[in-house]
Structures are given as structure tokens and as C-alpha cells.
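Asker: Here it is, the structure in full.
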Amino acid sequence: MSSLSWGLKSQSSMVPKASRHPSISFRPIQPSDLEILERIHGDVFPIRYESEFFQNVVHGRGIVSWAAVDRSRTDGRCDELVGFVTARIVMAKESEIVDLLSYDASKSDQSLVYILTLGVVENYRNLGIATSLVREVIRYASTIPTCRGVYLHVISYNIPAIHLYEKMYFRCVRRLHGFYLINGQHYDSYLFVYYVNGGRSACSLLEIVAAFFGYMKNGFKSFTERLWSNEGKAAKWPRYRETRSLVSMPHNGKIRTTESTGYERV
């Protein structure tokens with residue numbers, strides 16, 4: 001761990017523990033937030049973001065953002081970030097989920113909002129701040145007539161973030177194997193979508209159910225074939241990992257870095 005990382009840890013410990021009922025308000029991230037924004041990202045995320053990313057955030061260059069601040073703090077820091085979310089608008093036809101949308105190619109202006117980063121400092125977690133920040137993004141996306149949804153990636157081991165999006169009725173539509181590369185190790189990602197303004201999946205519920213039973217049928221057939229091919233040997237039942245109703249589809253994209261990581265810490 002570098003000396004910079006240790007410095008970030010000590011800075012975060014300076015944030016006092018939130019009261020049971022803090023007065024949280026939301027505002028756009030400003031240039032004056034640059035230093036604390038970099039500190040929090042460096043402290044809570046395993047991915048290093050480039051300086052250009054932070055400059056784009058604080059100056060609103062292609063990125064929209066919301067800061068959560070605790071107005072009830074009495075230490076003179078009532079306007080200091082305790083949480084944040086950053087996002088950007090992407091054209092639906094150029095997005096990696098265009099195949100998941102009921103997309104009208106004749107309407108070339110259809111768009112999506114992609115959540116880049118979401119984080120809350122440790123002493124302010126489990127107070128509903130992350131939920132409120134995501135709601136701000138959904139509310140913003142809903143005001144854009146051409147927007148059809150909000151989407152994001154979640155690293156597979158970030159269980160709190162996964163639970164958050166499930167609770168907020170995001171749909172987990174894809175698993176991307178080896179999507180993240182962190183310290184030389186690959187990690188899977190889940191892709192979540194929340195549809196707005198009449199946006200919907202290209203697949204109907206009936207098609208999803210049919211695909212699920214088709215998968216189960218093929219999996220059972222494959223298992224029985226292996227069982228018979230090993231006649232005379234002790235059969236071992238395969239071990240399955242819970243997927244939380246995940247629809248697994250092929251992924252043709254590349255590992256995303258800097259602005260496109262879509263990493264959350266809540």
C-alpha cells in the first residue's frame with residue numbers, strides 16, 4: 001500500500017460519525033469539491049481514477065453529478081461531501097445494452113444515463129444516502145424525453161451495492177465474465193438496468209421464462225449424459241452458485257477503465 005493510500009485512510013477517519021438523524025441535502029459537485037472527491041474515490045475504490053476524470057466531474061464536462069452533504073455538522077464542514085454519484089448521458093444506439101432495449105432504429109436520438117461512480121463515506125453508510133443519490137439520477141433521467149433507462153455495472157463481490165439495486169427494482173440483465181481487472185486479477189460484473197419513460201427490455205417476460213426453462217432443461221440433459229457416461233463410478237452432484245435470477249448472455253465488450261468502470265461503494 002502506498003503512502004498516499006495511508007494518507008487517504010487517515011483523512012477519512014477525520015469524518016465524524018453521523019448522528020442518527022443527520023440533515024442530508026444534495027447539490028451538484030463543484031470545483032471546490034475536487035480535493036475531497038479525489039480523496040474519497042481513492043479511499044473507497046480499488047480502481048485509480050485519472051485526474052481528467054475528476055476535472056470533468058467538478059466542471060460538468062460531459063458528466064452530471066450530485067453531492068450529499070450533512071447540513072447538521074457543527075465542525076464547520078456542513079458543505080463537505082459525505083457521498084456522491086456521477087453519471088453521463090450515452091446514445092442508446094452506441095451503448096453496450098442496445099440489444100437489451102426495445103429499440104426503434106428510426107429514433108436515433110434515444111439515450112441512456114450511465115452511472116459512473118457511487119460512494120458514501122464509511123461513517124455515513126446505512127442511512128439511505130446511496131438510495132437517495134440513485135433516485136436523483138433516476139429523477140434526472142426521467143426528465144429527458146429521449147432517455148429510456150439508467151444502467152450501470154457492479155463488481156460481483158459488492159453485495160451491498162447488488163442488494164441496493166435489487167431493492168430499487170433495477171433489473172440484473174447480464175453477467176460479464178472478467179469485466180474488471182484489478183491488481184492483475186479479473187472479476188466478474190453484473191449489469192443492472194432501470195427503465196424510464198416507457199423504455200423496456202427487448203425480451204418479454206414470457207421469453208425470459210422460456211429461456212430460463214430452456215437453460216434448466218439443457219443443463220439437466222447435459223448432467224444425465226455425463227452421469228451415464230460414467231456408469232459404474234460414484235456420481236457426484238454438481239455444485240451450483242446462486243445467481244439471483246440472473247439472465248446470462250454473451251459479452252463482446254472490453255474491460256472498462258477510468259470513467260467507464262461504474263464502480264460503487266455503498
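By convention in this document, the chains of the C-alpha cells carry letters A, B, ... by their order, each chain's residues are numbered from 1, and ligands are numbered from 1 in the order they are shown.
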Would you give me, as a PyMOL selection string, the residues in segment 17-79 of chain A that DSSP reads as strand (DSSP E or B)?

Answerer: chain A and resi 24-27+64-70

Asker: Could the residues in this selection be saved with N, CA, C and O atoms as an mmCIF file, in the first residue's frame?

Answerer:
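Output (result_0.cif):
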```cif
data_model
loop_
_atom_site.group_PDB
_atom_site.id
_atom_site.type_symbol
_atom_site.label_atom_id
_atom_site.label_comp_id
_atom_site.auth_asym_id
_atom_site.auth_seq_id
_atom_site.Cartn_x
_atom_site.Cartn_y
_atom_site.Cartn_z
ATOM 1 N N ILE A 24 -29.323 15.679 5.658
ATOM 2 C CA ILE A 24 -28.631 15.469 4.396
ATOM 3 C C ILE A 24 -29.332 16.237 3.274
ATOM 4 O O ILE A 24 -30.559 16.175 3.134
ATOM 5 N N SER A 25 -28.557 16.968 2.513
ATOM 6 C CA SER A 25 -29.101 17.639 1.333
ATOM 7 C C SER A 25 -28.198 17.328 0.147
ATOM 8 O O SER A 25 -27.069 16.848 0.315
ATOM 9 N N PHE A 26 -28.698 17.616 -1.047
ATOM 10 C CA PHE A 26 -27.985 17.249 -2.263
ATOM 11 C C PHE A 26 -27.800 18.473 -3.156
ATOM 12 O O PHE A 26 -28.666 19.335 -3.239
ATOM 13 N N ARG A 27 -26.659 18.517 -3.807
ATOM 14 C CA ARG A 27 -26.324 19.620 -4.705
ATOM 15 C C ARG A 27 -25.361 19.094 -5.766
ATOM 16 O O ARG A 27 -24.784 18.012 -5.615
ATOM 17 N N VAL A 64 -22.720 14.535 -15.236
ATOM 18 C CA VAL A 64 -23.611 15.146 -14.256
ATOM 19 C C VAL A 64 -23.324 14.508 -12.909
ATOM 20 O O VAL A 64 -22.919 13.344 -12.838
ATOM 21 N N SER A 65 -23.543 15.241 -11.840
ATOM 22 C CA SER A 65 -23.175 14.711 -10.529
ATOM 23 C C SER A 65 -24.042 15.304 -9.429
ATOM 24 O O SER A 65 -24.635 16.377 -9.590
ATOM 25 N N TRP A 66 -24.089 14.584 -8.318
ATOM 26 C CA TRP A 66 -24.786 15.043 -7.128
ATOM 27 C C TRP A 66 -23.890 14.756 -5.933
ATOM 28 O O TRP A 66 -23.294 13.670 -5.828
ATOM 29 N N ALA A 67 -23.800 15.715 -5.049
ATOM 30 C CA ALA A 67 -23.054 15.563 -3.805
ATOM 31 C C ALA A 67 -24.034 15.500 -2.651
ATOM 32 O O ALA A 67 -25.025 16.235 -2.631
ATOM 33 N N ALA A 68 -23.774 14.625 -1.693
ATOM 34 C CA ALA A 68 -24.542 14.583 -0.455
ATOM 35 C C ALA A 68 -23.721 15.275 0.621
ATOM 36 O O ALA A 68 -22.539 14.979 0.802
ATOM 37 N N VAL A 69 -24.327 16.225 1.317
ATOM 38 C CA VAL A 69 -23.651 16.952 2.400
ATOM 39 C C VAL A 69 -24.524 16.923 3.642
ATOM 40 O O VAL A 69 -25.752 16.837 3.558
ATOM 41 N N ASP A 70 -23.867 16.990 4.801
ATOM 42 C CA ASP A 70 -24.575 16.939 6.078
ATOM 43 C C ASP A 70 -24.664 18.351 6.658
ATOM 44 O O ASP A 70 -23.704 18.865 7.236
#
```

Asker: Calculated over only C-alpha atoms, which of the candidates A:Ile155, A:Ile129, A:Val57, A:Leu100 has the smallest distance to Leu181 of chain A?

Answerer: A:Ile155

Asker: Which residues, written as a list in words, have at least one atom at most 7 Å from Gly199 of chain A, with only C-alpha atoms counted and residues fewer than 4 positions away on the same chain left out?

Answerer: Arg148, Gly149 and Tyr195 of chain A

Asker: Okay, now the selection with all heavy atoms, as an mmCIF file, in the first residue's frame?

Answerer:
```cif
data_model
loop_
_atom_site.group_PDB
_atom_site.id
_atom_site.type_symbol
_atom_site.label_atom_id
_atom_site.label_comp_id
_atom_site.auth_asym_id
_atom_site.auth_seq_id
_atom_site.Cartn_x
_atom_site.Cartn_y
_atom_site.Cartn_z
ATOM 1 N N ARG A 148 -34.265 6.356 -22.142
ATOM 2 C CA ARG A 148 -35.035 5.121 -21.981
ATOM 3 C C ARG A 148 -34.618 4.296 -20.771
ATOM 4 O O ARG A 148 -35.239 3.293 -20.464
ATOM 5 C CB ARG A 148 -34.904 4.262 -23.255
ATOM 6 C CG ARG A 148 -35.550 4.909 -24.476
ATOM 7 C CD ARG A 148 -37.051 5.006 -24.307
ATOM 8 N NE ARG A 148 -37.693 5.747 -25.385
ATOM 9 C CZ ARG A 148 -38.028 7.026 -25.313
ATOM 10 N NH1 ARG A 148 -37.761 7.710 -24.203
ATOM 11 N NH2 ARG A 148 -38.616 7.647 -26.314
ATOM 12 N N GLY A 149 -33.542 4.696 -20.098
ATOM 13 C CA GLY A 149 -33.161 3.920 -18.931
ATOM 14 C C GLY A 149 -31.878 4.400 -18.281
ATOM 15 O O GLY A 149 -31.140 5.209 -18.832
ATOM 16 N N TYR A 195 -35.506 0.994 -16.293
ATOM 17 C CA TYR A 195 -36.130 1.614 -17.461
ATOM 18 C C TYR A 195 -36.973 2.824 -17.047
ATOM 19 O O TYR A 195 -37.642 2.814 -16.009
ATOM 20 C CB TYR A 195 -37.005 0.600 -18.196
ATOM 21 C CG TYR A 195 -36.214 -0.559 -18.767
ATOM 22 C CD1 TYR A 195 -36.226 -1.805 -18.136
ATOM 23 C CD2 TYR A 195 -35.448 -0.405 -19.915
ATOM 24 C CE1 TYR A 195 -35.483 -2.870 -18.652
ATOM 25 C CE2 TYR A 195 -34.711 -1.459 -20.433
ATOM 26 C CZ TYR A 195 -34.727 -2.688 -19.789
ATOM 27 O OH TYR A 195 -33.993 -3.730 -20.284
#
```

Asker: Have a look at A:Tyr187, A:Phe170, A:Phe54, A:Tyr157 and name the one nearest to Arg39 of chain A; count only C-alpha atoms.

Answerer: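 Comparing A:Tyr187, A:Phe170, A:Phe54, A:Tyr157 against Arg39 of chain A, the winner is A:Phe54.
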